[in-house]
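Undergrad: My questions will all concern the structure given below.
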Amino acid sequence: MKSLIVTGAAGGIGSQIAKQASEKNYRVGLMDLDEKKLEDLAKLIPNSFALPTDITDEESVTESINGFGSSIDALVNCAGIVRFGGLLEQDIKDFRDVINVNLLGCFIVSCAVARVMIKHGEGNIVNISSISGGKHPAIHSGAYAAAKAGIVMLTEQMSLEWGKEGIRVNAISPGFINTGMAASHYKNQKEREKREDMVPLGRLGSSEDVAKVVMFLLSEDSSYVHGENILIDGGVMNSVLANIGRD
Ligand code: NAP
C-alpha cells in the first residue's frame with residue numbers, strides 16, 4: 001500500500017483528494033489545523049489518519065511526519081488561505097499570513113517530506129496553486145496571487161533540484177471551484193451565474209474535477225510529466241477575448 005500526505009485535508013478540495021486517494025488504496029495522512037475535524041474525517045475515509053499540524057511551524061511538521069511512518073510515497077500541498085483587500089488597505093499581518101500558509105508552508109512540508117523520499121529514491125509531489133497565480137491576479141485579493149505565483153516557481157525549482165532524486169513534482173491551478181474557500185461566494189446566485197457564463201465549459205468546477213487531475217499526476221499515467229502547472233479551469237483563462245464578444 002502506498003502512502004500519501006495531504007495538507008489542508010479538512011478543506012473542500014483536500015478532503016476530496018484524500019477520499020479519492022483512499023479509494024485508490026493509498027494510506028492517507030490528513031494534515032490540517034483542526035484536530036477534531038480531522039478525526040471526524042478519518043472515520044469516513046478508510047486507511048486515513050489525522051495529523052493535526054500547523055504547516056507554517058517546522059517543529060509541528062517534523063513531529064507529524066515522524067509520526068506518520070518511515071516511508072512517504074506522495075505529498076499534495078493543498079493547505080491555503082486568502083485574505084481579501086486592496087493592496088493599499090492590506091493589513092501586514094494578513095499579507096504575511098497568506099504568504100506563510102500558501103508559500104512558506106508548502107516549502108516547509110515539501111522539504112521535510114522530500115528528505116524522507118530521497119532516502120527511498122522516489123516520490124511524487126503535487127502543489128496546489130490557482131489560476132490567479134499565473135498571469136491573471138484577482139483584484140483585491142491581497143497577497144494571494146503573489147503567493148500562488150510563488151508556488152508555480154517553487155514547483156519548477158523543486159522539479160530541477162529533486163528530479164534526479166526520483167521525485168516527480170508538478171502544480172495544478174484550479175479555477176472557479178464550488179467548494180471550500182470559494183463556496184460562500186457562489187451561494188450568491190447572481191455571482192454564480194456571472195462566473196458560469198465566463199467559463200467556456202459553462203459550469204463551475206467541483207472538488208472531484210480537481211482531485212481527478214491530482215490522481216492522474218500521482219499515477220504512472222503521468223510518468224514523464226514534471227515541473228508542469230496544469231490549469232483545471234473549464235477554459236476560463238482562455239476566454240478573455242471571447243467575453244468581449246463580436247457583433
Ligand atoms: P479550504 O476548504 O479553506 O481548505 C484549506 C484548508 O487549509 C483548511 O482546512 C484550512 O484550515 C487549512 N489550513 C489553513 N492554514 C493552515 C495551516 N497553517 N496549517 C495547516 N492547514 C491549514 O479551501 P479549498 O477551497 O479546499 O482550497 C484548497 C486549495 O486550493 C487552497 O490552496 C486554495 O488556495 C486552492 N484553490 C482553491 C480554489 C477554489 O475555488 N476553492 C481555486 C483555486 C485554488 P482552517 O479552515 O482551519 O483555516
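How things are named: the first chain in the C-alpha cells is A, the next is B, and so on; residues count from 1 in each chain; ligands count from 1 in the order shown.
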Which chains and residue numbers are within 8 Å of ligand 1, counting only C-alpha atoms and all ligand atoms, if I want them as a PyMOL selection string?

TA: chain A and resi 7-15+31-34+52-57+77-82+100-102+105+128-132+144+148+173-183+205+207

Undergrad: So which residues touch A:Leu41 within 10 Å, counting only C-alpha atoms, skipping near sequence neighbours fewer than 4 positions away, as a PyMOL selection string?

TA: chain A and resi 9-10+15+18-19+30+35-37+45-46+48-50

Undergrad: Any idea what the distance is between atom CA of A:Gln20 and atom CA of A:Ala74?

TA: 13.7 Å

Undergrad: Given the choices A:Ile5, A:Val76, A:Val116, A:Val214, which gets closest to A:Leu51 if the distance is worked out from only C-alpha atoms?

TA: A:Ile5

Undergrad: Which residues are near stretch 234-245 of chain A? Cut-off 7 Å, only C-alpha atoms, ignore same chain within fewer than 3 positions. Put them as an MDAnalysis selection string.

TA: chainID A and resid 198:201

Undergrad: Let's have the selection written as a PDB file, in the first residue's frame, with N, CA, C and O atoms.

TA:
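Output below, filename part19.pdb:
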ATOM      1  N   MET A 198     -18.865  33.007 -17.824  1.00  0.00           N
ATOM      2  CA  MET A 198     -17.495  33.298 -18.291  1.00  0.00           C
ATOM      3  C   MET A 198     -16.724  32.043 -18.667  1.00  0.00           C
ATOM      4  O   MET A 198     -15.718  32.101 -19.360  1.00  0.00           O
ATOM      5  N   VAL A 199     -17.196  30.879 -18.165  1.00  0.00           N
ATOM      6  CA  VAL A 199     -16.433  29.648 -18.349  1.00  0.00           C
ATOM      7  C   VAL A 199     -16.859  28.949 -19.640  1.00  0.00           C
ATOM      8  O   VAL A 199     -18.037  28.625 -19.804  1.00  0.00           O
ATOM      9  N   PRO A 200     -15.935  28.717 -20.587  1.00  0.00           N
ATOM     10  CA  PRO A 200     -16.312  28.052 -21.834  1.00  0.00           C
ATOM     11  C   PRO A 200     -17.051  26.730 -21.628  1.00  0.00           C
ATOM     12  O   PRO A 200     -17.930  26.387 -22.417  1.00  0.00           O
ATOM     13  N   LEU A 201     -16.750  25.972 -20.585  1.00  0.00           N
ATOM     14  CA  LEU A 201     -17.499  24.721 -20.344  1.00  0.00           C
ATOM     15  C   LEU A 201     -18.862  24.986 -19.703  1.00  0.00           C
ATOM     16  O   LEU A 201     -19.642  24.052 -19.506  1.00  0.00           O
TER      17      LEU A 201
END

Undergrad: Which residues are near A:Phe216? Cut-off 12 Å, only C-alpha atoms, ignore same chain within fewer than 2 positions. Put them as a short mmCIF file (atom, residue, chain, number, x, y, z; two decimals) with C-alpha atoms, in the first residue's frame.

TA:
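Saved result, selection_28.cif, follows:
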data_model
loop_
_atom_site.label_atom_id
_atom_site.label_comp_id
_atom_site.auth_asym_id
_atom_site.auth_seq_id
_atom_site.Cartn_x
_atom_site.Cartn_y
_atom_site.Cartn_z
CA ILE A 17 -8.26 14.30 -2.71
CA GLN A 20 -10.09 9.55 -3.97
CA ALA A 21 -6.60 8.50 -2.82
CA LYS A 24 -7.05 4.03 -4.94
CA ASN A 124 5.68 12.40 -6.09
CA VAL A 126 1.64 17.96 -6.29
CA ASN A 170 4.02 19.27 -10.53
CA ILE A 172 -2.16 22.42 -10.56
CA ASP A 209 -12.75 17.73 -11.04
CA VAL A 210 -9.63 18.86 -9.18
CA ALA A 211 -8.97 15.59 -7.32
CA LYS A 212 -9.14 13.54 -10.54
CA VAL A 213 -6.25 15.54 -12.04
CA VAL A 214 -4.28 15.13 -8.82
CA LEU A 218 0.16 10.82 -8.74
CA SER A 219 -0.22 7.89 -11.14
CA GLU A 220 2.14 6.22 -13.61
CA ASP A 221 -0.07 7.59 -16.41
CA SER A 222 1.78 10.89 -15.96
CA SER A 223 5.23 9.32 -15.51
CA TYR A 224 7.01 11.85 -17.80
CA VAL A 225 5.14 14.98 -16.66
CA ILE A 230 -1.89 22.19 -15.13
#

Undergrad: Pick the closest to A:Val152 from A:Glu208, A:Asp233, A:Glu228, A:Glu89: which is it, counting only C-alpha atoms?

TA: A:Glu228

Undergrad: Using only C-alpha atoms, which of the listed residues (A:Leu4, A:Met153, A:Ile92, A:Leu75) sits closest to A:Cys111?

TA: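 Counting only C-alpha atoms, the residue closest to A:Cys111 is A:Leu75.
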
Undergrad: Could you tell me, as JSON, numbers by chain, which residues of stretch 48-245 of chain A DSSP assigns to alpha helix (DSSP H) when given the backbone?

TA: {"A": [58, 59, 60, 61, 62, 63, 64, 65, 66, 67, 68, 92, 93, 94, 95, 96, 97, 98, 105, 106, 107, 108, 109, 110, 111, 112, 113, 114, 115, 116, 117, 118, 119, 120, 144, 145, 146, 147, 148, 149, 150, 151, 152, 153, 154, 155, 156, 157, 158, 159, 160, 161, 162, 183, 184, 185, 186, 189, 190, 191, 192, 193, 194, 195, 196, 197, 198, 207, 208, 209, 210, 211, 212, 213, 214, 215, 216, 217, 218, 240, 241, 242, 243, 244]}

Undergrad: Can you tell me how far atom CA of A:Gly123 sits from atom CA of A:Glu39, in Å to one decimal?

TA: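 Answer for the atom CA of A:Gly123 to atom CA of A:Glu39 separation: 26.3 Å.
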
Undergrad: Would you work out the distance separating atom CA of A:Arg246 from atom CA of A:His136, expressed in Å to one decimal?

TA: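 Answer for the atom CA of A:Arg246 to atom CA of A:His136 separation: 22.8 Å.
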
Undergrad: Enumerate the residues of stretch 11-202 of chain A with a DSSP assignment of strand (DSSP E), computed from the backbone, and present them as a PyMOL selection string.

TA: chain A and resi 27-32+48-52+74-77+123-128+167-174

Undergrad: Hey, what's within 12 Å of A:Leu88 if we count only C-alpha atoms and toss same-chain stuff fewer than 5 positions away? As a list in words, please?

TA: Phe95, His140, Ser141, Gly142 and Ala143 of chain A
